[in-house]
>>> print(open('coords_29.txt').read())   # compact mmCIF, C-alpha atoms
# COMPACT_ATOMS: atom_id res chain seq x y z
CA HIS I 9 60.62 86.08 68.04
CA LYS I 10 58.19 83.70 66.43
CA THR I 11 57.15 80.86 68.70
CA GLN I 12 54.68 78.09 67.84
CA PHE I 13 52.97 76.02 70.52
CA SER I 14 50.99 72.83 69.99
CA ILE I 15 49.15 70.72 72.55
CA ALA I 16 50.25 67.18 72.15
CA SER I 17 47.97 65.48 74.65
CA ALA I 18 46.06 65.92 77.88
CA THR I 19 46.09 63.41 80.75
CA LYS I 20 44.62 63.23 84.20
CA LEU I 21 46.76 62.30 87.19
CA ASN I 22 45.69 62.35 90.83
CA GLY I 23 42.60 64.32 89.96
CA MET I 24 44.56 67.05 88.21
CA SER I 25 44.72 67.75 84.52
CA TRP I 26 48.18 67.90 82.97
CA ILE I 27 48.77 69.38 79.59
CA HIS I 28 51.87 68.42 77.68
CA VAL I 29 53.04 71.39 75.68
CA LYS I 30 55.45 71.00 72.84
CA HIS I 31 57.60 74.08 72.17
CA MET I 32 58.80 74.61 68.72
CA TYR I 33 61.14 77.63 68.23
CA LYS I 34 62.15 79.19 65.02
CA VAL I 35 65.09 81.48 66.07
CA THR I 36 67.81 82.58 63.67
CA MET I 37 71.54 82.76 64.55
CA GLU I 38 71.45 86.54 64.38
CA GLU I 39 68.61 86.60 66.88
CA ARG I 40 70.53 84.22 69.15
CA GLU I 41 73.50 86.67 69.16
CA VAL I 42 71.17 89.51 70.10
CA ILE I 43 69.77 87.46 72.98
CA ALA I 44 73.31 86.61 74.15
CA SER I 45 74.36 90.27 74.06
CA ILE I 46 71.30 91.26 76.08
CA ILE I 47 72.10 88.63 78.70
CA HIS I 48 75.77 89.74 78.79
CA ALA I 49 74.76 93.39 79.20
CA SER I 50 72.38 92.49 82.01
CA GLU I 51 75.11 90.56 83.79
CA GLY I 52 77.55 93.50 83.33
CA GLN I 53 75.03 95.97 84.74
CA ALA I 54 74.33 93.69 87.70
CA LYS I 55 78.06 93.30 88.43
CA LEU I 56 78.65 97.06 88.17
CA ARG I 57 75.75 97.82 90.47
CA ALA I 58 77.09 95.31 92.99
CA GLN I 59 80.49 97.05 92.90
CA PHE I 60 78.83 100.42 93.42
CA VAL I 61 76.79 99.13 96.37
CA GLU I 62 79.97 97.73 97.97
CA ILE I 63 81.82 101.03 97.49
CA LYS I 64 78.96 102.93 99.14
CA ARG I 65 78.85 100.44 102.00
CA GLU I 66 82.58 100.86 102.72
CA TRP I 67 82.22 104.62 102.38
CA SER I 68 79.47 104.71 105.02
CA LEU I 69 81.64 102.77 107.48
CA GLN I 70 84.61 105.17 107.37
CA THR I 71 85.31 107.25 110.48
CA LEU I 72 87.38 110.34 111.27
CA GLN I 73 90.07 110.52 113.95
CA PHE I 74 89.87 113.45 116.34
CA GLY I 75 92.40 114.77 118.84
CA SER I 76 93.01 117.89 120.89
CA TRP I 77 95.37 120.85 120.80
CA GLN I 78 96.76 122.08 124.13
CA GLY I 79 93.98 120.12 125.80
CA SER I 80 91.33 122.73 124.98
CA MET I 81 90.63 122.64 121.24
CA SER I 82 89.43 119.71 119.15
CA THR I 83 91.50 118.77 116.11
CA VAL I 84 91.01 116.49 113.13
CA GLU I 85 93.74 114.02 112.26
CA ILE I 86 93.80 112.94 108.61
CA THR I 87 96.04 109.89 108.30
CA GLU I 88 97.88 108.94 105.14
CA ASN I 89 95.78 105.77 104.81
CA PHE I 90 92.55 107.74 105.03
CA ALA I 91 93.66 110.26 102.42
CA GLN I 92 94.73 107.39 100.14
CA TYR I 93 91.36 105.67 100.63
CA VAL I 94 89.40 108.79 99.63
CA GLU I 95 91.58 109.29 96.58
CA ASN I 96 91.24 105.62 95.53
CA THR I 97 87.46 105.75 95.97
CA ASP I 98 87.27 108.80 93.73
CA VAL I 99 89.26 106.95 91.06
CA GLU I 100 87.08 103.83 91.34
CA VAL I 101 83.88 105.84 90.96
CA SER I 102 85.28 107.65 87.92
CA THR I 103 86.10 104.25 86.40
CA LEU I 104 82.53 103.06 86.97
CA ILE I 105 81.12 106.21 85.37
CA ASN I 106 83.14 105.56 82.22
CA ASN I 107 81.96 101.94 82.08
CA PRO I 108 79.42 101.45 79.22
CA TYR I 109 77.17 99.38 81.52
CA SER I 110 76.64 102.34 83.91
CA VAL I 111 73.93 103.98 81.80
CA ASN I 112 71.08 103.09 84.15
CA ILE I 113 72.87 104.27 87.33
CA ARG I 114 75.04 107.00 85.90
CA ASP I 115 73.15 109.76 87.73
CA GLU I 116 73.73 107.99 91.05
CA LEU I 117 77.40 107.51 90.24
CA GLU I 118 77.88 111.17 89.30
CA ASP I 119 76.18 112.31 92.51
CA PHE I 120 78.43 110.02 94.55
CA ALA I 121 81.50 111.24 92.62
CA GLU I 122 80.61 114.82 93.58
CA GLU I 123 80.35 113.70 97.21
CA THR I 124 83.77 112.02 97.20
CA GLU I 125 85.37 115.03 95.54
CA LEU I 126 83.75 117.37 98.07
CA VAL I 127 84.96 115.24 100.99
CA GLN I 128 88.49 115.18 99.56
CA GLU I 129 88.55 118.99 99.21
CA THR I 130 86.93 119.50 102.63
CA THR I 131 89.44 117.35 104.52
CA THR I 132 92.32 119.19 102.84
CA ASP I 133 90.80 122.59 103.60
CA TRP I 134 89.99 121.46 107.13
CA LEU I 135 93.65 120.74 107.88
CA ASP I 136 94.67 124.09 106.39
CA MET I 137 92.00 125.90 108.40
CA GLN I 138 93.11 124.08 111.54
CA ARG I 139 96.72 125.19 111.01
CA LYS I 140 95.62 128.81 110.50
CA PHE I 141 93.39 128.61 113.56
CA HIS I 142 96.27 127.47 115.75
CA GLN I 143 98.49 130.18 114.33
CA MET I 144 95.93 132.94 114.93
CA LEU I 145 95.32 131.76 118.49
CA GLN I 146 99.04 131.86 119.20
CA VAL I 147 99.36 135.32 117.64
CA PHE I 148 96.50 136.63 119.79
CA ASP I 149 98.15 135.29 122.94
CA SER I 150 99.95 138.62 122.95
CA ALA I 151 98.11 141.31 124.91
CA SER I 152 99.51 143.97 122.56
CA ILE I 153 97.94 142.35 119.49
CA LYS I 154 94.62 141.93 121.31
CA LEU I 155 94.59 145.66 121.98
CA GLU I 156 95.65 146.52 118.42
CA LEU I 157 93.15 144.16 116.76
CA LYS I 158 90.09 144.21 119.03
CA LYS I 159 87.58 143.58 116.22
CA GLU I 160 89.53 140.64 114.80
CA PHE I 161 89.97 139.20 118.28
CA GLN I 162 86.19 139.17 118.85
CA VAL I 163 85.66 137.43 115.50
CA LEU I 164 88.26 134.84 116.47
CA ARG I 165 86.58 134.19 119.82
CA ARG I 166 83.21 133.54 118.14
CA ALA I 167 84.87 131.31 115.56
CA ARG I 168 86.54 129.40 118.40
CA LEU I 169 83.10 128.44 119.74
CA ASP I 170 81.73 127.50 116.32
CA TRP I 171 84.80 125.36 115.64
CA GLU I 172 83.74 122.71 118.16
CA GLU I 173 80.44 122.18 116.33
CA LEU I 174 82.34 120.70 113.38
CA PHE I 175 83.24 117.72 115.57
CA VAL I 176 79.70 116.87 116.65
CA ILE I 177 78.83 113.70 114.70
CA PRO I 178 75.74 111.65 115.66
CA HIS I 179 76.42 108.05 116.62
CA ASP I 180 74.37 106.57 113.77
CA ALA I 181 75.56 109.00 111.07
CA SER I 182 78.18 108.39 108.40
CA ALA I 183 81.10 110.73 109.01
CA LEU I 184 81.93 111.24 105.34
CA GLN I 185 78.33 111.75 104.30
CA LEU I 186 78.03 114.29 107.11
CA LEU I 187 81.08 116.15 105.74
CA ALA I 188 79.37 116.47 102.36
CA GLY I 189 76.05 117.52 103.91
CA VAL I 190 74.62 121.03 103.69
CA PRO I 191 74.73 121.86 107.47
CA PHE I 192 78.41 120.97 107.77
CA GLN I 193 79.37 122.79 104.59
CA THR I 194 77.44 125.90 105.67
CA LEU I 195 79.20 126.05 109.05
CA PHE I 196 82.53 125.23 107.40
CA GLY I 197 82.12 128.12 104.95
CA HIS I 198 81.19 130.50 107.77
CA LEU I 199 84.30 129.56 109.74
CA SER I 200 86.48 129.92 106.66
CA HIS I 201 85.13 133.44 106.10
CA SER I 202 85.71 134.37 109.76
CA LEU I 203 89.30 133.16 109.68
CA GLU I 204 89.87 135.03 106.43
CA THR I 205 88.65 138.23 108.11
CA VAL I 206 91.03 137.69 111.02
CA ALA I 207 93.93 136.83 108.69
CA ASN I 208 93.38 140.01 106.64
CA GLY I 209 93.40 142.10 109.82
CA VAL I 210 96.62 140.42 110.95
CA HIS I 211 98.17 141.03 107.51
CA ARG I 212 97.42 144.75 107.75
CA TYR I 213 98.90 144.74 111.23
CA LEU I 214 102.06 143.07 109.91
CA GLU I 215 102.46 145.88 107.41
CA THR I 216 102.37 148.41 110.24
CA ARG I 217 105.03 146.38 112.06
CA ARG I 218 107.21 146.46 108.95
CA LEU I 219 106.82 150.20 108.63
CA ALA I 220 107.84 150.58 112.29
CA PHE I 221 110.89 148.31 111.86
CA PRO I 222 111.96 148.11 108.18
CA ARG I 223 114.09 144.99 108.74
CA PHE I 224 110.81 143.07 108.98
CA PHE I 225 110.32 143.69 105.25
CA PHE I 226 112.89 140.93 104.67
CA LEU I 227 110.58 138.40 106.37
CA HIS I 228 107.66 136.57 104.81
CA ASP I 229 104.31 136.76 106.58
CA GLU I 230 104.77 133.26 107.97
CA GLU I 231 108.19 134.13 109.38
CA LEU I 232 107.01 137.38 110.89
CA LEU I 233 103.97 135.70 112.41
CA SER I 234 106.21 133.04 113.90
CA LEU I 235 108.44 135.77 115.35
CA LEU I 236 105.45 137.58 116.87
CA GLU I 237 104.13 134.29 118.30
CA HIS I 238 107.43 133.81 120.13
CA SER I 239 107.85 137.43 121.19
CA LEU I 240 106.99 136.69 124.83
CA ARG I 241 109.22 133.60 124.90
CA MET I 242 112.15 135.02 123.00
CA HIS I 243 114.67 133.50 125.41
CA GLU I 244 113.67 130.12 123.90
CA HIS I 245 113.55 131.16 120.23
CA PHE I 246 116.08 134.02 119.94
CA ASP I 247 118.67 132.04 117.99
CA ILE I 248 116.03 131.01 115.43
CA HIS I 249 114.84 134.52 114.56
CA VAL I 250 117.81 136.81 115.19
CA HIS I 251 119.79 135.96 112.04
CA ARG I 252 116.72 136.83 109.91
CA CYS I 253 116.39 140.31 111.37
CA LEU I 254 119.95 141.05 112.44
CA PRO I 255 122.31 138.93 110.28
CA GLY I 256 125.40 140.09 112.17
CA ILE I 257 124.15 138.55 115.41
CA GLN I 258 124.47 134.81 115.95
CA SER I 259 123.08 134.32 119.43
CA GLY I 260 122.34 136.04 122.71
CA THR I 261 122.66 135.60 126.45
CA PHE I 262 119.61 136.04 128.66
CA ASP I 263 119.47 136.80 132.35
CA ARG I 264 116.92 134.47 133.93
CA SER I 265 117.34 135.49 137.55
CA ASP I 266 113.80 136.88 137.46
CA ARG I 267 111.50 133.88 137.02
CA LYS I 268 108.70 136.01 135.62
CA LYS I 269 110.69 137.29 132.67
CA SER I 270 114.05 136.75 131.01
CA VAL I 271 115.97 139.71 129.61
CA LEU I 272 118.63 139.88 126.91
CA VAL I 273 121.92 141.20 128.27
CA LYS I 274 124.51 140.17 125.65
CA VAL I 275 124.64 139.55 121.90
CA HIS I 276 127.31 137.54 120.12
CA SER I 277 128.60 138.39 116.65
CA SER I 278 128.39 135.77 113.92
CA SER I 279 131.54 136.84 112.05
CA SER I 280 134.17 138.14 114.48
CA LYS I 281 132.94 136.06 117.47
CA GLU I 282 132.76 139.22 119.57
CA THR I 283 130.42 139.77 122.47
CA LEU I 284 128.56 143.00 123.04
CA VAL I 285 127.23 143.74 126.52
CA LEU I 286 124.13 145.87 126.14
CA VAL I 287 123.94 149.12 128.10
CA LYS I 288 120.32 148.30 128.92
CA SER I 289 118.78 144.83 128.96
CA VAL I 290 115.81 144.01 126.70
CA SER I 291 112.76 142.02 127.79
CA GLY I 292 110.44 140.02 125.54
CA GLY I 293 107.45 141.53 123.77
CA ILE I 294 106.18 142.80 120.43
CA GLU I 295 108.84 145.52 120.39
CA PHE I 296 111.65 143.09 121.23
CA PHE I 297 113.69 143.23 118.01
CA PRO I 298 113.22 146.97 117.38
CA THR I 299 114.37 147.55 120.96
CA VAL I 300 117.33 145.20 120.52
CA SER I 301 118.38 147.08 117.39
CA ARG I 302 118.17 150.42 119.20
CA GLN I 303 120.09 149.08 122.22
CA ILE I 304 122.86 147.70 120.00
CA GLY I 305 123.21 151.09 118.34
CA SER I 306 123.16 152.89 121.67
CA THR I 307 125.74 150.50 123.14
CA LEU I 308 128.07 150.88 120.15
CA ARG I 309 127.83 154.66 120.30
CA THR I 310 128.63 154.59 124.00
CA ILE I 311 131.66 152.33 123.43
CA PHE I 312 132.80 154.51 120.55
CA GLN I 313 132.59 157.67 122.62
CA GLU I 314 134.43 156.10 125.55
CA ALA I 315 137.17 154.76 123.26
CA LYS I 316 137.62 158.14 121.61
CA LYS I 317 137.92 159.90 124.95
CA LYS I 318 140.90 157.73 125.85
CA LEU I 319 142.81 158.43 122.62
CA LEU I 320 144.96 161.26 121.40
CA ILE I 321 142.27 161.96 118.82
CA GLU I 322 140.16 163.46 121.58
CA GLY I 323 143.02 165.13 123.36
CA ALA I 324 143.76 162.32 125.82
CA ASP I 325 147.16 160.73 126.31
CA GLU I 326 146.45 157.14 125.21
CA GLU I 327 147.97 155.89 121.96
CA LEU I 328 146.35 153.31 119.69
CA ARG I 329 149.11 150.81 120.39
CA SER I 330 148.96 151.22 124.16
CA ILE I 331 148.13 148.21 126.31
CA ASN I 332 145.03 149.90 127.74
CA ILE I 333 143.50 150.41 124.29
CA ILE I 334 144.33 146.87 123.22
CA ARG I 335 142.57 145.50 126.29
CA SER I 336 139.53 147.71 125.75
CA ILE I 337 136.33 145.94 124.72
CA VAL I 338 135.85 147.69 121.39
CA PRO I 339 134.48 146.01 118.24
CA VAL I 340 137.13 145.45 115.57
CA HIS I 341 135.39 147.46 112.86
CA MET I 342 134.93 150.35 115.27
CA LEU I 343 138.57 150.32 116.35
CA SER I 344 139.57 150.16 112.68
CA ALA I 345 137.48 153.24 111.98
CA ILE I 346 139.14 155.09 114.86
CA VAL I 347 142.58 154.09 113.58
CA GLN I 348 141.77 155.34 110.08
CA CYS I 349 140.36 158.54 111.46
CA GLN I 350 143.42 159.24 113.60
CA TRP I 351 145.77 158.33 110.74
CA CYS I 352 144.01 160.79 108.44
CA MET I 353 144.22 163.50 111.09
CA ASP I 354 147.95 162.84 111.55
CA VAL I 355 148.53 163.07 107.78
CA GLU I 356 146.53 166.27 107.63
CA ARG I 357 148.54 167.78 110.50
CA TYR I 358 151.86 166.90 108.84
CA LEU I 359 150.75 168.25 105.49
CA ARG I 360 149.65 171.48 107.08
CA ALA I 361 152.98 171.69 108.86
CA ALA I 362 154.78 171.06 105.56
CA ALA I 363 152.95 173.96 104.01
CA SER I 364 154.11 176.20 106.82
CA VAL I 365 157.39 178.07 106.23
CA GLU I 366 158.29 178.13 109.87
CA VAL I 367 157.81 174.46 110.77
CA THR I 368 159.41 171.50 108.99
CA PRO I 369 157.59 168.18 109.72
CA PRO I 370 159.72 165.23 110.67
CA LEU I 371 159.60 162.90 107.63
CA SER I 372 160.33 159.84 109.75
CA ALA I 373 157.25 160.56 111.90
CA LEU I 374 155.09 160.82 108.79
CA LEU I 375 156.39 157.56 107.35
CA SER I 376 156.02 155.87 110.71
CA SER I 377 152.39 156.92 111.01
CA MET I 378 151.65 155.84 107.43
CA SER I 379 153.15 152.39 108.03
>>> encode(input="coords_29.txt", output="structure tokens")
Amino acid sequence: HKTQFSIASATKLNGMSWIHVKHMYKVTMEEREVIASIIHASEGQAKLRAQFVEIKREWSLQTLQFGSWQGSMSTVEITENFAQYVENTDVEVSTLINNPYSVNIRDELEDFAEETELVQETTTDWLDMQRKFHQMLQVFDSASIKLELKKEFQVLRRARLDWEELFVIPHDASALQLLAGVPFQTLFGHLSHSLETVANGVHRYLETRRLAFPRFFFLHDEELLSLLEHSLRMHEHFDIHVHRCLPGIQSGTFDRSDRKKSVLVKVHSSSSKETLVLVKSVSGGIEFFPTVSRQIGSTLRTIFQEAKKKLLIEGADEELRSINIIRSIVPVHMLSAIVQCQWCMDVERYLRAAASVEVTPPLSALLSSMS
């Protein structure tokens, strides 16, 4: 801009020389608009920087809430308000980046946006890792799984010690900045890899359990893990898991006379409301449901054999309609099978007699048996 200055006069006041300067500007309207736009841009940049400084200040003041699991393991508690705050901050920073006045601080904004995104992902993964950690610890409560998966158990024990280091935050440090820092992310990645190794070993073990008891193929990994977690406390969780493995069973009765362990002594049908008293009781453990299945089969075979021995079909003198057979504790489907079997044998005997020249079968007896 062209500016002309002229000295109008010079005076002396109180021993000091004062020069009166006369400013004469020659500025066009177009140049005035340029000056106004520059001032407006400067004000916009200053306002945007002030917003960014305030966002960073609030970010540095945020804290994490910690708790404990079973009194021995630290846990992180991500509240809904905290998760909403992190998400809102990420949106605000993205808005600032897209602002045309953010040219001078765009690199800082992009770095901070990466930090907020990393914190958001880390907190989500942290909760997921925490859930898996609890699940693996419960699975390895079983002595049988510890023996089967010795290598994975050692990895889990080391990871259990490293886990507590995630919760060590210096008093003067920003919790969220610490989450995005290299030391935390390195330890976090190491723990994630360790848990993945343990989870893969458990998955292979689950496949062996399914091969040993094919009904487990109908369960998802989560369901089967939950079942194995409760294997030693099955008297508390039997009704939850039994219908998944044995759909015909609704519930069971446990004998708790022995305080050290409870054993299953009866199972109750879900359809016919019948009760089956097991020949041999079943105690909790990894082999609980396979053993229950075998004991149900063994008990039914025993009942079937005893019922047959009492009937004419086995040469005894009891008829199907006798009071003793009616009072017998025999499952309905099994009694129906016996009835059908005896009916077929009666029909076969009469037909063979009909084919004989010497013996004429009584027609009324045949019709009576068929009815």
>>> residues_around(input="coords_29.txt", residues="I:Asp170", least_positions_apart="6", cutoff="12 Å", atoms="all atoms listed in the file", output="mmCIF file with C-alpha atoms, keeping the file's coordinate frame")
data_model
loop_
_atom_site.group_PDB
_atom_site.id
_atom_site.type_symbol
_atom_site.label_atom_id
_atom_site.label_comp_id
_atom_site.auth_asym_id
_atom_site.auth_seq_id
_atom_site.Cartn_x
_atom_site.Cartn_y
_atom_site.Cartn_z
ATOM 1 C CA MET I 81 90.630 122.640 121.240
ATOM 2 C CA SER I 82 89.430 119.710 119.150
ATOM 3 C CA VAL I 163 85.660 137.430 115.500
ATOM 4 C CA LEU I 164 88.260 134.840 116.470
ATOM 5 C CA VAL I 176 79.700 116.870 116.650
ATOM 6 C CA PHE I 192 78.410 120.970 107.770
ATOM 7 C CA THR I 194 77.440 125.900 105.670
ATOM 8 C CA LEU I 195 79.200 126.050 109.050
ATOM 9 C CA PHE I 196 82.530 125.230 107.400
ATOM 10 C CA GLY I 197 82.120 128.120 104.950
ATOM 11 C CA HIS I 198 81.190 130.500 107.770
ATOM 12 C CA LEU I 199 84.300 129.560 109.740
ATOM 13 C CA SER I 200 86.480 129.920 106.660
ATOM 14 C CA SER I 202 85.710 134.370 109.760
ATOM 15 C CA LEU I 203 89.300 133.160 109.680
#
>>> closest_residue(input="coords_29.txt", among="I:Val287, I:Val300, I:Val42, I:Glu116", to="I:Gly260", atoms="only C-alpha atoms")
I:Val300
>>> closest_residue(input="coords_29.txt", among="I:Ser306, I:Gln258, I:Thr87, I:Gln70", to="I:Thr132", atoms="only C-alpha atoms")
I:Thr87
>>> closest_residue(input="coords_29.txt", among="I:Thr97, I:Ser270, I:Ser278, I:Gln193", to="I:Glu125", atoms="only C-alpha atoms")
I:Thr97
>>> atom_distance(input="coords_29.txt", atom1="atom CA of I:Gln313", atom2="atom CA of I:Pro255")
24.7 Å
